[in-house]
$ cat input.csv   # CSV, C-alpha atoms
chain,number,residue,atom,x,y,z
A,198,MET,CA,65.8,143.3,105.9
A,199,LEU,CA,66.7,140.7,103.3
A,200,LEU,CA,70.1,140.1,101.7
A,201,ASP,CA,70.6,140.6,97.9
A,202,ALA,CA,74.0,139.0,97.3
A,203,ASN,CA,74.1,140.0,93.6
A,204,LYS,CA,73.8,143.7,94.5
A,205,ALA,CA,75.7,143.4,97.8
A,206,GLU,CA,72.9,145.2,99.7
A,207,LEU,CA,70.1,144.7,102.2
A,208,TYR,CA,66.6,145.7,101.3
A,209,CYS,CA,63.2,145.8,103.0
A,210,ASP,CA,60.5,143.7,101.4
A,211,LEU,CA,57.8,146.1,102.7
A,212,CYS,CA,59.0,149.6,101.9
A,213,GLY,CA,61.9,148.9,99.5
A,214,ILE,CA,64.6,150.8,101.4
A,215,THR,CA,68.1,149.5,100.7
A,216,ALA,CA,71.4,149.7,102.6
A,217,PRO,CA,75.0,148.4,101.7
A,218,SER,CA,75.7,145.0,103.1
A,219,LYS,CA,78.7,144.9,105.4
A,220,ASP,CA,78.9,141.1,105.1
A,221,ILE,CA,79.4,141.3,101.3
A,222,MET,CA,81.6,144.5,101.2
A,223,ASP,CA,83.9,143.5,104.1
A,224,ALA,CA,87.4,143.2,102.6
A,225,ASN,CA,89.0,141.6,105.6
A,226,ALA,CA,91.2,138.8,104.3
A,227,GLY,CA,91.0,136.9,107.5
A,228,LYS,CA,87.2,136.7,107.1
A,229,THR,CA,87.3,134.0,104.4
A,230,THR,CA,90.8,132.6,105.0
A,231,TYR,CA,90.5,131.6,108.7
A,232,GLY,CA,87.0,132.0,110.1
A,233,GLY,CA,84.2,131.9,107.5
A,234,GLU,CA,81.2,134.3,107.8
A,235,SER,CA,81.6,135.1,111.5
A,236,ALA,CA,85.3,135.8,111.4
A,237,THR,CA,84.9,139.6,111.6
A,238,HIS,CA,83.0,139.3,114.8
A,239,GLN,CA,85.6,137.3,116.8
A,240,ALA,CA,89.3,137.0,117.1
A,241,VAL,CA,91.1,135.6,114.1
A,242,ARG,CA,94.5,133.9,113.6
A,243,ASN,CA,97.5,136.3,113.5
A,244,ASP,CA,100.7,134.9,112.0
A,245,GLU,CA,102.7,138.0,112.1
A,246,ASN,CA,104.7,136.8,115.1
A,247,VAL,CA,103.3,133.5,116.2
A,248,ASN,CA,106.2,132.8,118.6
A,249,ALA,CA,105.4,135.9,120.7
A,250,ASN,CA,102.0,134.3,121.5
A,251,MET,CA,103.4,131.0,122.7
A,252,GLY,CA,103.6,130.0,126.3
A,253,THR,CA,102.2,132.1,129.2
A,254,ASN,CA,102.6,135.8,129.7
A,255,GLY,CA,105.0,135.5,132.6
A,256,SER,CA,107.2,132.6,131.5
A,257,TYR,CA,110.6,133.2,130.0
A,258,MET,CA,113.9,131.3,129.4
A,259,SER,CA,116.9,132.7,131.2
A,260,THR,CA,120.0,133.2,129.0
A,261,ALA,CA,122.2,134.1,132.0
A,262,GLY,CA,124.3,130.9,131.6
A,263,LEU,CA,125.0,131.3,127.9
A,264,ASN,CA,128.0,133.0,126.4
A,265,ALA,CA,127.6,135.9,124.0
A,266,ALA,CA,127.6,133.8,120.8
A,267,ALA,CA,125.0,131.4,122.2
A,268,ARG,CA,122.8,134.3,123.5
A,269,LYS,CA,122.9,136.0,120.1
A,270,LYS,CA,121.9,132.7,118.4
A,271,PHE,CA,119.1,132.1,120.9
A,272,ASN,CA,117.7,135.6,120.3
A,273,ARG,CA,117.8,135.2,116.6
A,274,LEU,CA,116.0,131.8,116.7
A,275,ARG,CA,113.4,133.1,119.1
A,276,LYS,CA,112.3,135.7,116.6
A,277,ILE,CA,112.0,133.2,113.7
A,278,ASP,CA,108.4,132.6,112.6
A,279,LYS,CA,108.3,128.9,112.1
A,280,GLY,CA,104.9,129.2,110.5
A,281,THR,CA,106.7,130.5,107.3
A,282,VAL,CA,109.0,127.4,106.9
A,283,ARG,CA,108.6,125.8,103.5
A,284,LEU,CA,110.3,123.0,101.6
A,285,LYS,CA,113.6,124.2,100.2
A,286,HIS,CA,113.2,122.1,97.1
A,287,PRO,CA,109.5,121.2,96.5
A,288,LEU,CA,110.1,120.1,92.9
A,289,ARG,CA,112.4,117.4,94.1
A,290,GLU,CA,109.6,116.0,96.4
A,291,SER,CA,107.1,116.2,93.5
A,292,VAL,CA,109.4,114.3,91.2
A,293,ARG,CA,110.2,111.8,93.9
A,294,LYS,CA,106.5,111.1,94.6
A,295,LYS,CA,105.8,110.8,90.9
A,296,VAL,CA,108.5,108.1,90.6
A,297,GLU,CA,107.0,106.1,93.4
A,298,GLU,CA,103.5,106.6,92.0
A,299,MET,CA,104.5,105.4,88.5
A,300,TYR,CA,107.1,102.7,89.3
A,301,GLY,CA,106.8,101.8,92.9
A,302,LYS,CA,108.9,102.3,96.1
A,303,TYR,CA,111.7,100.0,94.9
A,304,ALA,CA,112.3,102.1,91.8
A,305,MET,CA,112.0,105.3,93.8
A,306,GLU,CA,114.8,104.3,96.1
A,307,ALA,CA,117.1,103.3,93.2
A,308,ALA,CA,116.4,106.6,91.3
A,309,GLU,CA,116.5,108.9,94.4
A,310,PRO,CA,120.2,110.0,93.8
A,311,PHE,CA,119.4,111.1,90.2
A,312,VAL,CA,116.2,112.9,91.3
A,313,LYS,CA,118.3,114.7,93.9
A,314,MET,CA,121.1,115.8,91.5
A,315,MET,CA,118.5,116.8,88.9
A,316,CYS,CA,116.4,119.1,91.1
A,317,LYS,CA,118.9,120.5,93.7
A,318,PRO,CA,121.6,123.1,93.1
A,319,LEU,CA,125.2,122.3,93.7
A,320,LYS,CA,126.6,122.7,97.2
A,321,GLY,CA,128.7,125.7,98.0
A,322,LYS,CA,132.1,124.2,97.5
A,323,HIS,CA,131.1,122.4,94.3
A,324,GLU,CA,129.5,125.6,92.9
A,325,GLU,CA,132.8,127.4,93.6
A,326,GLN,CA,134.7,124.8,91.7
A,327,ARG,CA,132.3,125.0,88.8
A,328,GLN,CA,132.5,128.8,88.6
A,329,ALA,CA,136.3,128.5,88.5
A,330,LEU,CA,136.3,126.2,85.5
A,331,ASP,CA,137.7,127.4,82.2
A,332,ASN,CA,136.1,124.5,80.3
A,333,LYS,CA,132.8,126.1,79.2
A,334,ASP,CA,131.2,122.8,78.1
A,335,LEU,CA,132.0,121.1,81.4
A,336,LYS,CA,130.8,124.2,83.3
A,337,ARG,CA,127.5,124.1,81.4
A,338,ARG,CA,126.9,120.4,82.0
A,339,LEU,CA,127.5,120.8,85.7
A,340,GLY,CA,124.5,123.2,85.8
A,341,MET,CA,121.3,121.9,87.4
A,342,PRO,CA,119.6,119.6,84.9
A,343,LYS,CA,116.2,121.0,85.9
A,344,GLN,CA,117.1,124.3,84.5
A,345,ALA,CA,118.2,122.8,81.2
A,346,ILE,CA,115.0,120.8,81.0
A,347,CYS,CA,112.6,123.6,81.8
A,348,ARG,CA,114.3,126.2,79.5
A,349,LYS,CA,114.1,124.2,76.3
A,350,LYS,CA,111.9,125.2,73.4
A,351,ALA,CA,108.1,124.9,74.0
A,352,ASP,CA,107.8,121.6,72.1
A,353,VAL,CA,110.6,120.0,74.1
A,354,ARG,CA,110.1,121.2,77.6
A,355,GLY,CA,106.4,120.1,77.8
A,356,ASP,CA,103.1,121.8,78.1
A,357,GLY,CA,103.0,122.4,81.8
A,358,LYS,CA,104.5,121.7,85.3
A,359,GLU,CA,102.9,118.4,85.6
A,360,GLN,CA,104.3,117.1,82.4
A,361,ARG,CA,107.8,118.3,83.2
A,362,ILE,CA,107.6,116.5,86.6
A,363,VAL,CA,106.7,113.3,84.8
A,364,MET,CA,109.5,113.8,82.2
A,365,MET,CA,112.0,114.2,85.0
A,366,ALA,CA,110.7,111.2,86.9
A,367,MET,CA,110.9,109.0,83.8
A,368,ALA,CA,114.4,110.3,83.0
A,369,ALA,CA,115.7,109.4,86.5
A,370,VAL,CA,114.3,105.9,86.2
A,371,GLU,CA,115.7,105.4,82.7
A,372,VAL,CA,119.2,106.5,83.7
A,373,ALA,CA,119.0,104.2,86.7
A,374,GLY,CA,118.0,101.4,84.3
A,375,ASP,CA,120.9,102.2,81.9
A,376,LEU,CA,123.4,102.0,84.8
A,377,GLY,CA,122.0,98.6,85.9
A,378,LEU,CA,120.5,99.9,89.2
A,379,LEU,CA,117.1,98.9,87.9
A,380,SER,CA,115.7,96.7,85.2
A,381,LYS,CA,114.7,98.8,82.3
A,382,MET,CA,111.1,100.0,82.4
A,383,ASP,CA,108.6,100.2,79.5
A,384,ARG,CA,108.4,103.9,78.7
A,385,ARG,CA,105.4,103.6,76.4
A,386,ALA,CA,102.7,103.4,79.1
A,387,GLY,CA,103.9,106.6,80.9
A,388,MET,CA,104.3,108.5,77.6
A,389,ASP,CA,100.8,107.6,76.4
A,390,GLN,CA,99.2,108.4,79.8
A,391,TYR,CA,100.8,111.9,80.1
A,392,GLY,CA,101.2,112.8,76.4
A,393,ILE,CA,105.0,112.9,76.4
A,394,LYS,CA,106.8,112.7,73.1
A,395,ARG,CA,110.0,110.6,72.6
A,396,LYS,CA,112.2,113.7,71.9
A,397,GLN,CA,111.0,115.3,75.1
A,398,LEU,CA,111.9,112.3,77.2
A,399,LEU,CA,115.3,111.8,75.5
A,400,SER,CA,116.1,115.5,76.0
A,401,ALA,CA,115.4,115.3,79.7
A,402,LYS,CA,117.4,112.0,80.0
A,403,ARG,CA,120.3,113.5,78.0
A,404,ALA,CA,120.5,116.5,80.3
A,405,LEU,CA,120.6,114.3,83.4
A,406,LEU,CA,123.1,111.8,82.0
A,407,ASN,CA,125.4,114.6,80.9
A,408,HIS,CA,125.3,116.2,84.3
A,409,TYR,CA,126.0,112.8,86.0
A,410,LYS,CA,129.0,112.2,83.7
A,411,ALA,CA,130.3,115.7,84.4
A,412,ARG,CA,130.1,115.0,88.2
A,413,ILE,CA,132.1,111.8,87.7
A,414,THR,CA,134.7,113.9,85.7
A,415,MET,CA,135.0,116.3,88.6
A,416,GLY,CA,135.4,113.4,91.1
A,417,TRP,CA,132.2,114.2,92.9
A,418,GLU,CA,130.6,110.9,92.1
A,419,PRO,CA,132.2,107.4,91.9
A,420,GLN,CA,132.2,105.4,88.7
A,421,PRO,CA,128.9,103.5,88.3
A,422,PRO,CA,129.2,99.8,89.2
A,423,VAL,CA,129.5,97.4,86.3
A,424,LYS,CA,127.2,94.5,86.9
A,425,THR,CA,127.4,91.1,85.4
A,426,PRO,CA,124.5,89.7,83.4
A,427,ALA,CA,123.6,87.4,86.3
A,428,GLU,CA,123.5,90.3,88.7
A,429,ARG,CA,121.3,92.3,86.3
A,430,ARG,CA,119.0,89.3,86.0
A,431,GLU,CA,118.8,88.9,89.8
A,432,ASP,CA,118.0,92.6,90.2
A,433,GLY,CA,115.3,92.4,87.5
A,434,VAL,CA,113.6,89.4,89.1
A,435,GLU,CA,113.7,90.9,92.6
A,436,GLN,CA,112.2,94.1,91.4
A,437,ALA,CA,109.5,92.5,89.3
A,438,VAL,CA,108.5,90.2,92.3
A,439,HIS,CA,108.2,93.2,94.6
A,440,HIS,CA,106.0,95.1,92.2
A,441,ILE,CA,103.7,92.1,91.7
A,442,HIS,CA,103.6,91.5,95.5
A,443,ASP,CA,102.4,95.1,95.9
A,444,MET,CA,99.7,94.6,93.3
A,445,LEU,CA,98.5,91.3,94.9
A,446,PHE,CA,98.5,92.9,98.3
A,447,LYS,CA,96.2,95.7,97.1
A,448,LEU,CA,93.9,93.1,95.6
A,449,SER,CA,93.8,90.7,98.6
A,450,GLU,CA,90.7,92.1,100.1
A,451,ASP,CA,88.6,92.3,96.9
A,452,VAL,CA,90.0,89.5,94.7
A,453,LEU,CA,92.2,87.2,96.7
A,454,SER,CA,91.6,86.0,100.3
A,455,GLU,CA,94.5,86.2,102.7
A,456,GLN,CA,95.0,82.5,102.4
A,457,ASP,CA,95.0,82.6,98.6
A,458,HIS,CA,97.5,85.5,98.7
A,459,ALA,CA,99.9,83.5,100.8
A,460,LYS,CA,99.7,80.5,98.5
A,461,VAL,CA,100.2,82.5,95.4
A,462,THR,CA,103.3,84.3,96.7
A,463,ALA,CA,104.8,81.1,98.2
A,464,GLU,CA,104.2,78.9,95.1
A,465,SER,CA,105.5,81.6,92.7
A,466,GLU,CA,108.7,81.9,94.6
A,467,ALA,CA,109.1,78.1,94.5
A,468,ARG,CA,108.6,78.2,90.8
A,469,LEU,CA,111.2,80.9,90.4
A,470,ALA,CA,113.6,78.8,92.4
A,471,LEU,CA,112.9,75.7,90.2
A,472,LEU,CA,113.7,77.8,87.1
A,473,GLU,CA,116.8,79.1,88.8
A,474,GLU,CA,115.7,82.6,87.9
A,475,GLY,CA,118.0,85.4,89.2
A,476,THR,CA,121.1,83.5,88.1
A,477,ALA,CA,123.2,83.1,85.0
A,478,ASP,CA,121.7,79.5,84.5
A,479,ALA,CA,118.1,80.6,84.5
A,480,LEU,CA,116.0,78.1,82.4
A,481,THR,CA,113.9,81.0,81.1
A,482,GLY,CA,116.9,83.2,80.6
A,483,ASN,CA,116.0,83.8,76.9
A,484,THR,CA,112.7,85.5,78.0
A,485,GLU,CA,112.7,89.1,79.1
A,486,VAL,CA,112.8,89.1,82.9
A,487,ARG,CA,109.5,90.8,83.6
A,488,MET,CA,107.6,88.6,81.2
A,489,ALA,CA,109.2,85.5,82.7
A,490,VAL,CA,108.2,86.5,86.2
A,491,CYS,CA,104.6,87.4,85.1
A,492,ALA,CA,104.3,84.0,83.4
A,493,VAL,CA,105.5,82.3,86.6
A,494,PHE,CA,102.8,84.1,88.7
A,495,TYR,CA,100.2,83.4,86.1
A,496,ALA,CA,101.1,79.7,86.2
A,497,THR,CA,100.6,79.7,89.9
A,498,LEU,CA,97.2,81.4,89.6
A,499,VAL,CA,96.2,78.8,87.0
A,500,SER,CA,97.2,75.9,89.3
A,501,LEU,CA,95.1,77.4,92.0
A,502,GLY,CA,92.1,78.2,89.7
A,503,LEU,CA,92.5,82.0,90.4
A,504,GLN,CA,93.5,83.1,86.9
A,505,ALA,CA,90.3,84.9,85.9
A,506,GLY,CA,91.2,88.5,84.9
A,507,MET,CA,94.6,88.3,86.6
A,508,ALA,CA,96.6,88.3,83.3
A,509,ASP,CA,95.5,91.8,82.6
A,510,ARG,CA,96.2,92.9,86.2
A,511,LEU,CA,99.7,91.5,86.0
A,512,ALA,CA,100.2,93.2,82.6
A,513,ALA,CA,99.1,96.5,84.0
A,514,VAL,CA,102.0,96.5,86.5
A,515,PHE,CA,104.6,96.6,83.7
A,516,GLY,CA,102.7,98.2,80.8
A,517,MET,CA,102.4,94.9,78.9
A,518,THR,CA,99.3,93.0,77.6
A,519,GLY,CA,97.4,90.2,79.3
A,520,SER,CA,97.2,88.2,76.0
A,521,GLY,CA,101.0,88.4,75.8
A,522,ILE,CA,101.4,86.9,79.3
A,523,ARG,CA,98.8,84.2,78.6
A,524,SER,CA,100.5,83.2,75.3
A,525,ARG,CA,103.9,83.1,76.9
A,526,TYR,CA,102.7,80.9,79.8
A,527,GLU,CA,100.9,78.5,77.3
A,528,ALA,CA,104.2,78.3,75.3
A,529,PHE,CA,106.1,77.4,78.4
A,530,ALA,CA,103.5,74.8,79.5
A,531,ALA,CA,103.3,73.2,76.0
A,532,ALA,CA,107.1,73.0,75.7
A,533,GLU,CA,107.4,71.3,79.1
A,534,ALA,CA,104.4,69.0,78.6
A,535,SER,CA,105.8,67.8,75.2
A,536,GLY,CA,109.3,67.1,76.7
A,537,GLU,CA,110.9,69.7,74.5
A,538,VAL,CA,112.2,71.7,77.4
A,539,ASP,CA,112.7,70.7,81.1
A,540,TYR,CA,111.6,73.4,83.4
A,541,ASN,CA,111.9,71.2,86.5
A,542,GLY,CA,108.1,70.9,86.7
A,543,ALA,CA,107.5,74.7,87.1
A,544,PHE,CA,104.8,74.7,84.3
A,545,LEU,CA,103.3,71.2,84.7
A,546,LEU,CA,99.8,70.8,86.1
A,547,ILE,CA,100.4,67.9,88.5
A,548,ALA,CA,99.3,66.9,92.0
A,549,MET,CA,102.6,68.0,93.6
A,550,THR,CA,103.0,71.6,94.5
A,551,CYS,CA,106.2,73.4,93.5
A,552,PHE,CA,107.1,73.5,97.1
A,553,GLU,CA,107.2,69.8,97.2
A,554,ILE,CA,109.2,69.5,94.0
A,555,LEU,CA,111.6,72.1,95.3
A,556,ALA,CA,111.9,70.4,98.6
A,557,THR,CA,113.1,67.3,96.7
A,558,LEU,CA,115.5,69.1,94.4
A,559,HIS,CA,116.8,72.0,96.6
A,560,PRO,CA,115.9,71.8,100.3
A,561,GLU,CA,117.5,75.1,101.1
A,562,HIS,CA,117.1,77.6,98.3
A,563,THR,CA,118.6,81.1,98.9
A,564,LEU,CA,116.3,82.9,96.5
A,565,ILE,CA,113.3,82.3,98.6
A,566,GLU,CA,115.1,83.5,101.7
A,567,LYS,CA,116.3,86.6,99.9
A,568,ALA,CA,112.8,87.5,98.8
A,569,GLY,CA,111.7,87.5,102.4
A,570,LEU,CA,109.4,84.5,102.2
A,571,ALA,CA,111.4,82.2,104.5
A,572,ASP,CA,108.5,82.3,107.0
A,573,ALA,CA,106.0,81.4,104.2
A,574,TRP,CA,108.3,78.5,103.2
A,575,ASN,CA,108.5,77.2,106.7
A,576,SER,CA,104.7,77.3,107.1
A,577,GLU,CA,103.9,75.9,103.7
A,578,GLU,CA,106.6,73.3,103.4
A,579,GLY,CA,105.2,69.9,102.8
A,580,SER,CA,101.7,71.1,102.1
A,581,SER,CA,100.0,70.0,98.8
A,582,SER,CA,97.2,71.2,96.7
A,583,SER,CA,96.1,69.8,93.3

$ encode --input "input.csv" --output "structure tokens"
Amino acid sequence: MLLDANKAELYCDLCGITAPSKDIMDANAGKTTYGGESATHQAVRNDENVNANMGTNGSYMSTAGLNAAARKKFNRLRKIDKGTVRLKHPLRESVRKKVEEMYGKYAMEAAEPFVKMMCKPLKGKHEEQRQALDNKDLKRRLGMPKQAICRKKADVRGDGKEQRIVMMAMAAVEVAGDLGLLSKMDRRAGMDQYGIKRKQLLSAKRALLNHYKARITMGWEPQPPVKTPAERREDGVEQAVHHIHDMLFKLSEDVLSEQDHAKVTAESEARLALLEEGTADALTGNTEVRMAVCAVFYATLVSLGLQAGMADRLAAVFGMTGSGIRSRYEAFAAAEASGEVDYNGAFLLIAMTCFEILATLHPEHTLIEKAGLADAWNSEEGSSSS
């Protein structure tokens, strides 16, 4: 007998007799879900009461020493099928992962509170306070922002679940940037990649920001910290440096050797220290912080002869262009070479390394220690490469 899968029958190639095929007609869900073709011929998984099948047939836990309340709780927990446990708020996890994917772990940690308040319903006591409000506008703004975002008109809420997740991720990052918890990100790269329109992103951002302000009005959240320009600059430098370190780490095996990677990171930190970046007196303070940091890393790569193709890689981290980074570096280098501006030697191509220059001007610089490169400083201090 041969199997004709299209007709779901067995047939004899000699006499032509046919018979229904049990393998094709079998409707047992466990056949394809858990065991493949032979699942109907052997024991399959049964999730109806998985806890009843755990342990040995004769073992049991005595509840003789428990009081009535504890015994009742134990009996209830014993019957729970833990195989049915699911994430209570899967959308929050999806948005959180999307923030990390698009902007990095540093941005994800800063935007986490806003992702949480956007995707999770109010706690019991807060929901009771909201329901008791007479102010309809405040009551509406205290509603979960996710609902407001997903129930807009079709041209505002996005084309699908994936696009709405991206919108909420970008909105959380933008609000964190507006409040000074992050340096502001370039939204254009994410909008172009996922086909998000400006009015869609602004609508999601407005819903989240209104909800956050309403929580502050209710006293559920503290007032956002007001940072000085120097603190904003320091946060921007630290964030940009971490993002570039992540990119260089991923490239180390294919593009940069481990030794080159250590030199690039150490020399770049020394350059930032020479420029006093991260302070109110930064010598490149008139340049946008991410562009200044990229120019510094590119200057290090040029000094080590590793600049081939790296401007575009640096630009991809922040949604900029490689030509823009190269032109900014060339402008810095030309201004310092002509004596027009003094950058403490950060953009000069000379025999001394920036570590050696920094050791002369600032033997103990706190920015390098804060960036976590104190070990690199100790190991590289005094070394030179032309």

$ closest_residue --input "input.csv" --among "A:Glu290, A:Glu435, A:Glu298, A:Asp334" --to "Lys317 in chain A" --atoms "all atoms listed in the file"
A:Glu290

$ residues_around --input "input.csv" --residues "Ala508 in chain A" --least-positions-apart "2" --cutoff "10 Å" --atoms "only C-alpha atoms" --output "ChimeraX atom specification"
/A:491-492,494-495,498,504-506,510-513,517-523

$ residues_around --input "input.csv" --residues "Cys209 in chain A" --least-positions-apart "6" --cutoff "9 Å" --atoms "only C-alpha atoms" --output "PDB file with C-alpha atoms, in the coordinates of the input"
ATOM      1  CA  MET A 198      65.800 143.300 105.900  1.00  0.00           C
ATOM      2  CA  LEU A 199      66.700 140.700 103.300  1.00  0.00           C
ATOM      3  CA  THR A 215      68.100 149.500 100.700  1.00  0.00           C
TER       4      THR A 215
END

$ residues_around --input "input.csv" --residues "Glu297 in chain A" --least-positions-apart "2" --cutoff "12 Å" --atoms "only C-alpha atoms" --output "list in words"
Glu290, Ser291, Val292, Arg293, Lys294, Lys295, Met299, Tyr300, Gly301, Lys302, Tyr303, Ala304, Met305, Glu306, Ala307, Ala308, Glu309, Val312, Val363, Ala366, Met367, Ala369, Val370 and His440 of chain A

$ closest_residue --input "input.csv" --among "A:Arg268, A:Lys313, A:Arg525, A:Arg468" --to "Gly542 in chain A" --atoms "all atoms listed in the file"
A:Arg468

$ atom_distance --input "input.csv" --atom1 "CA of His408 in chain A" --atom2 "CA of Arg429 in chain A"
24.3 Å

$ residues_around --input "input.csv" --residues "range 353-355 of chain A" --least-positions-apart "6" --cutoff "8 Å" --atoms "all atoms listed in the file" --output "PDB file with C-alpha atoms, in the frame of the given file"
ATOM      1  CA  ILE A 346     115.000 120.800  81.000  1.00  0.00           C
ATOM      2  CA  CYS A 347     112.600 123.600  81.800  1.00  0.00           C
ATOM      3  CA  ARG A 361     107.800 118.300  83.200  1.00  0.00           C
ATOM      4  CA  ILE A 393     105.000 112.900  76.400  1.00  0.00           C
ATOM      5  CA  LYS A 396     112.200 113.700  71.900  1.00  0.00           C
ATOM      6  CA  GLN A 397     111.000 115.300  75.100  1.00  0.00           C
ATOM      7  CA  SER A 400     116.100 115.500  76.000  1.00  0.00           C
TER       8      SER A 400
END

$ atom_distance --input "input.csv" --atom1 "CA of Lys349 in chain A" --atom2 "CA of Asn407 in chain A"
15.5 Å

$ residues_around --input "input.csv" --residues "Ala404 in chain A" --least-positions-apart "5" --cutoff "9 Å" --atoms "all atoms listed in the file" --output "list in words"
Met315, Arg338, Met341, Pro342, Lys343, Ala345, Ile346, Leu399 and Tyr409 of chain A

$ closest_residue --input "input.csv" --among "A:Ala463, A:Leu469, A:Arg395, A:Asp443" --to "Glu431 in chain A" --atoms "only C-alpha atoms"
A:Leu469
